[in-house]
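Asks: Provided herewith is a single structure, encoded as structure tokens, for subsequent inquiry.
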Amino acid sequence: MKVFMRLLAQLSPFRWWIALAILLGCVMVASNMLLLGMAAYLIAAAALGPLLVTLVMPIYFVQLMSVVRSTSRYAERLVSHNATFRLLARLRVWLYTRLKPLAPSLLLRYRSGDVLTRLVSDVEELQNVYLRAVSPIIVAIVVGLLSFYIFSIFSFLLAWVALAFLIASGLGIPWLVSLLARGVGRQQLAVRAELNAQVLDGIQGVQDLLAFGRAGDQRQKVAALDRKLAQLQRRMAVITGLEQALNDLMSNMALFALLVLAIPLVATKAINGVYLGFLALIILASFEAILPLGEAFQFLGTSLAAAERLFAIADTAPAVTEPVAPLVIENSASRGHTLEFAHVSFAYPSGEGDAISDISFCLAPGKRVALVGPSGGGKSTLVRLALRFWDPTRGEIRLDGQDMRRYALDDLRALVSVVDQDTYLFNDTIRGNLLLARPDADESDLERVLEQAQLGGLVRRLPKGLTTWVGEQGLRLSGGERQRIAIARALLKDAPLLILDEPTANLDPLTEQALLDDLDMLMQGRTVLMTTHRLVAMERMDEILVLDHGRIVERGTHAQLLAAGGLYRQMVDLQNGLITFPSGL
């Protein structure tokens with residue numbers, strides 16, 4: 001019930017649209033009832049051979065109801081669907097807004113296919129609540145009362161019997177249907193989410209699946225999930241068929257019961273016989289408002305389960321929060337900004353202990369600091385903390401002497417340019433990917449940064465130049481070209497703090513050396529924090545921090561660390577192939 005009330009609260013901005021849809025729905029069903037009833041009355045009255053003038057008003061009334069029914073049906077569909085689709089669009093934007101503070105930390109708990117399913121399919125599922133539950137329930141209540149009033153004009157016994165059948169159909173059948181469908185909707189959502197996740201994994205990893213000959217296994221997983229989903233859908237189809245059959249049964253039983261009760265009243269002249277057909281068609285037409293309720297309650301469980309999945313993400317507390325009264329970052333282009341880690345420790349929510357422990361260093365304006373060490377030493381964790389994707393478990397990260405948590409996130413990240421080892425390129429043009437850094441950049445700005453990143457020649461050789469599409473994740477480009485676009489993007493942003501996270505990972509030595517030269521140009525005049533496991537061009541760094549198991553075990557310049565003969569010297573020797581191992585190892 002709490003989830004349902006939260007969904008109803010989302011209707012507030014569209015309450016007048018919903019009210020209009022309910023009014024039109026009532027008019028539509030009522031006009032259909034009167035149309036059929038008056039048509040039956042006309043046929044019966046005409047059979048008795050009265051003067052034609054006495055039938056003029058009923059004839060015009062039937063014509064009017066015919067027009068009203070068609071017009072109100074169209075208007076009701078238009079208004080209700082317009083309001084619902086606007087609401088669903090608003091929900092998607094709202095959910096995406098809620099996802100933004102969770103990235104990237106808490107989103108790591110979810111698979112990409114599952115998140116996509118929640119944003120698309122689960123939101124789409126909510127239309128059943130708004131189109132099939134909210135408005136139809138109110139329309140059914142209004143029509144039920146109208147039917148009771150019409151029958152009470154002729155006989156209170158007929159009125160109560162008609163109302164009893166309407167209530168039994170409007171409450172009993174939906175209750176039975178919801179009982180049979182209980183749990184099926186939730187299972188459908190879970191299987192559909194898993195199916196989407198498996199399909200997405202299979203598409204993204206198709207090259208590896210083919211290379212290792214495992215495409216058949218992935219196909220079998222998808223096929224098994226598809227069969228399970230089809231089984232659940234068949235079960236829902238059976239329930240739908242049962243619901244429709246029961247509704248037809250109840251409407252015909254109501255017709256039969258009312259005829260059995262009304263015929264004696266006609267025989268005793270308590271009711272004029274000309275109205276017998278009128279009453280029969282009125283009860284049949286009134287079921288038009290009852291029929292949607294069974295289907296609504298059948299899918300209500302699925303819709304509520306979808307809402308629970310959406311609210312589970314939306315209600316997740318973000319790993320980092322905006323300050324209530326953020327400090328203003330002073331424009332200090334002349335002196336730059338100082339980034340300081342003061343006794344910083346951090347543990348991931350998985351509870352595996354500290355990823356980094358008691359880290360302290362100062363990144364002064366214009367200074368270059370490298371973080372090196374074995375894999376798993378905590379280098380990438382420090383980068384994420386510097387970008388405030390997480391907050392330290394203990395200690396502080398300070399910007400210009402103030403705790404970083406006192407600044408607005410957008411203001412902080414505006415100071416930072418990032419070149420990542422896994423640069424993400426959107427399925428867009430080269431221009432579109434560059435403008436991500438600065439949307440207001442003009443053509444001269446783009447050409448300048450492309451030349452600086454040594455991409456100018458490549459772009460000029462392309463038939464479409466800057467409008468060339470880079471493909472999904474930039475796969476139409478080589479690894480080196482993707483990294484150079486990342487450099488160009490960082491140059492275009494022109495932020496004072498530069499973070500390089502394994503920028504030369506997975507590149508061949510020649511490409512790596514060329515890229516390092518580009519990076520050296522990019523680092524000019526900027527404060528730089530770089531992580532790398534490739535100890536190349538380390539003599540360009542002002543300070544090197546060697547991390548091992550989350551702690552700084554050595555620090556100094558390249559020459560100092562080589563002279564110390566510690567872990568850094570071992571890593572350099574191993575990289576250069578100077579370490580030999582005893583035979584047999």
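Each chain in the structure tokens gets a letter, A, B and so on, in the order shown; residues start at 1 in every chain, and ligands are counted from 1 in the order they appear.
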Apply DSSP to the backbone of this structure and, from region 342-455 of chain A, keep only the residues in strand (DSSP E or B); write these as an MDAnalysis selection string.

Replies: chainID A and resid 342:347 354:363 368:372 394:399 402:403 407 416:420 429

Asks: Quick one, how far is CA of Ile397 (chain A) from CA of Glu340 (chain A)?

Replies: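 According to the coordinates, CA of Ile397 (chain A) and CA of Glu340 (chain A) are separated by 5.7 Å.
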
Asks: Pull the closest atom pair for each residue of region 195-314 of chain A that gets at most 9 Å from region 125-138 of chain A, along with the distance in Å to one decimal, counting only C-alpha atoms, ordering rows by chain and then ascending residue number, as JSON lines.

Replies:
```
{"residue": "A:Ala289", "atom": "CA", "partner": "A:Pro136", "partner_atom": "CA", "distance": 7.0}
{"residue": "A:Ile290", "atom": "CA", "partner": "A:Pro136", "partner_atom": "CA", "distance": 8.0}
{"residue": "A:Pro292", "atom": "CA", "partner": "A:Arg132", "partner_atom": "CA", "distance": 6.7}
{"residue": "A:Leu293", "atom": "CA", "partner": "A:Pro136", "partner_atom": "CA", "distance": 6.8}
{"residue": "A:Glu295", "atom": "CA", "partner": "A:Arg132", "partner_atom": "CA", "distance": 7.5}
{"residue": "A:Ala296", "atom": "CA", "partner": "A:Arg132", "partner_atom": "CA", "distance": 4.9}
{"residue": "A:Phe297", "atom": "CA", "partner": "A:Ala133", "partner_atom": "CA", "distance": 7.3}
{"residue": "A:Phe299", "atom": "CA", "partner": "A:Asn128", "partner_atom": "CA", "distance": 6.8}
{"residue": "A:Leu300", "atom": "CA", "partner": "A:Val129", "partner_atom": "CA", "distance": 6.4}
{"residue": "A:Thr302", "atom": "CA", "partner": "A:Glu125", "partner_atom": "CA", "distance": 7.5}
{"residue": "A:Ser303", "atom": "CA", "partner": "A:Leu126", "partner_atom": "CA", "distance": 5.3}
{"residue": "A:Leu304", "atom": "CA", "partner": "A:Leu126", "partner_atom": "CA", "distance": 7.8}
{"residue": "A:Ala306", "atom": "CA", "partner": "A:Glu125", "partner_atom": "CA", "distance": 6.7}
{"residue": "A:Ala307", "atom": "CA", "partner": "A:Leu126", "partner_atom": "CA", "distance": 7.1}
```

Asks: How would the residues just picked look written out with N, CA and C atoms as a PDB file, in the first residue's frame?

Replies:
```pdb
ATOM      1  N   ALA A 289     -17.844  -0.697 -17.629  1.00  0.00           N
ATOM      2  CA  ALA A 289     -16.999  -0.032 -16.629  1.00  0.00           C
ATOM      3  C   ALA A 289     -16.360  -1.025 -15.672  1.00  0.00           C
ATOM      4  N   ILE A 290     -16.893  -2.237 -15.599  1.00  0.00           N
ATOM      5  CA  ILE A 290     -16.388  -3.242 -14.655  1.00  0.00           C
ATOM      6  C   ILE A 290     -15.309  -4.106 -15.287  1.00  0.00           C
ATOM      7  N   PRO A 292     -12.613  -3.631 -17.116  1.00  0.00           N
ATOM      8  CA  PRO A 292     -11.171  -3.334 -16.993  1.00  0.00           C
ATOM      9  C   PRO A 292     -10.580  -3.628 -15.613  1.00  0.00           C
ATOM     10  N   LEU A 293     -11.438  -3.794 -14.583  1.00  0.00           N
ATOM     11  CA  LEU A 293     -10.899  -3.930 -13.228  1.00  0.00           C
ATOM     12  C   LEU A 293     -10.141  -5.236 -13.035  1.00  0.00           C
ATOM     13  N   GLU A 295      -8.432  -6.987 -15.266  1.00  0.00           N
ATOM     14  CA  GLU A 295      -7.116  -6.868 -15.898  1.00  0.00           C
ATOM     15  C   GLU A 295      -6.214  -5.929 -15.110  1.00  0.00           C
ATOM     16  N   ALA A 296      -6.817  -4.867 -14.562  1.00  0.00           N
ATOM     17  CA  ALA A 296      -6.026  -3.912 -13.777  1.00  0.00           C
ATOM     18  C   ALA A 296      -5.403  -4.589 -12.564  1.00  0.00           C
ATOM     19  N   PHE A 297      -6.199  -5.362 -11.842  1.00  0.00           N
ATOM     20  CA  PHE A 297      -5.679  -6.017 -10.641  1.00  0.00           C
ATOM     21  C   PHE A 297      -4.760  -7.182 -10.984  1.00  0.00           C
ATOM     22  N   PHE A 299      -2.491  -7.126 -13.361  1.00  0.00           N
ATOM     23  CA  PHE A 299      -1.163  -6.569 -13.613  1.00  0.00           C
ATOM     24  C   PHE A 299      -0.711  -5.598 -12.533  1.00  0.00           C
ATOM     25  N   LEU A 300      -1.566  -5.364 -11.539  1.00  0.00           N
ATOM     26  CA  LEU A 300      -1.183  -4.425 -10.488  1.00  0.00           C
ATOM     27  C   LEU A 300       0.014  -4.938  -9.698  1.00  0.00           C
ATOM     28  N   THR A 302       2.451  -6.804 -10.795  1.00  0.00           N
ATOM     29  CA  THR A 302       3.643  -6.573 -11.612  1.00  0.00           C
ATOM     30  C   THR A 302       4.061  -5.110 -11.545  1.00  0.00           C
ATOM     31  N   SER A 303       3.085  -4.215 -11.634  1.00  0.00           N
ATOM     32  CA  SER A 303       3.392  -2.787 -11.609  1.00  0.00           C
ATOM     33  C   SER A 303       3.966  -2.369 -10.257  1.00  0.00           C
ATOM     34  N   LEU A 304       3.398  -2.888  -9.179  1.00  0.00           N
ATOM     35  CA  LEU A 304       3.911  -2.541  -7.855  1.00  0.00           C
ATOM     36  C   LEU A 304       5.310  -3.104  -7.641  1.00  0.00           C
ATOM     37  N   ALA A 306       7.467  -3.527 -10.037  1.00  0.00           N
ATOM     38  CA  ALA A 306       8.326  -2.632 -10.824  1.00  0.00           C
ATOM     39  C   ALA A 306       8.596  -1.345 -10.060  1.00  0.00           C
ATOM     40  N   ALA A 307       7.564  -0.817  -9.400  1.00  0.00           N
ATOM     41  CA  ALA A 307       7.744   0.408  -8.611  1.00  0.00           C
ATOM     42  C   ALA A 307       8.709   0.177  -7.458  1.00  0.00           C
TER      43      ALA A 307
END
```

Asks: Measuring between only C-alpha atoms, which one of A:Arg460, A:Thr531, A:Arg15, A:Leu409 shows the shortest distance to Thr381 (chain A)?

Replies: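 Among the listed residues, the smallest separation from Thr381 (chain A) belongs to A:Thr531.
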
Asks: Between CA of Lys2 (chain A) and CA of Arg186 (chain A), what distance in Å does the model show, to one decimal?

Replies: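 It comes out at 16.9 Å.
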
Asks: Tell me, as a list in words, which residues lie within 12 Å of Ile263 (chain A), counting only C-alpha atoms; anything in the same chain fewer than 6 positions away does not count.

Replies: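 The filter keeps Leu158, Leu255, Phe256, Ala257, Lys269, Ala270, Ile271, Asn272, Gly273, Val274, Tyr275, Leu276, Gly277, Leu279 and Ala280 of chain A.
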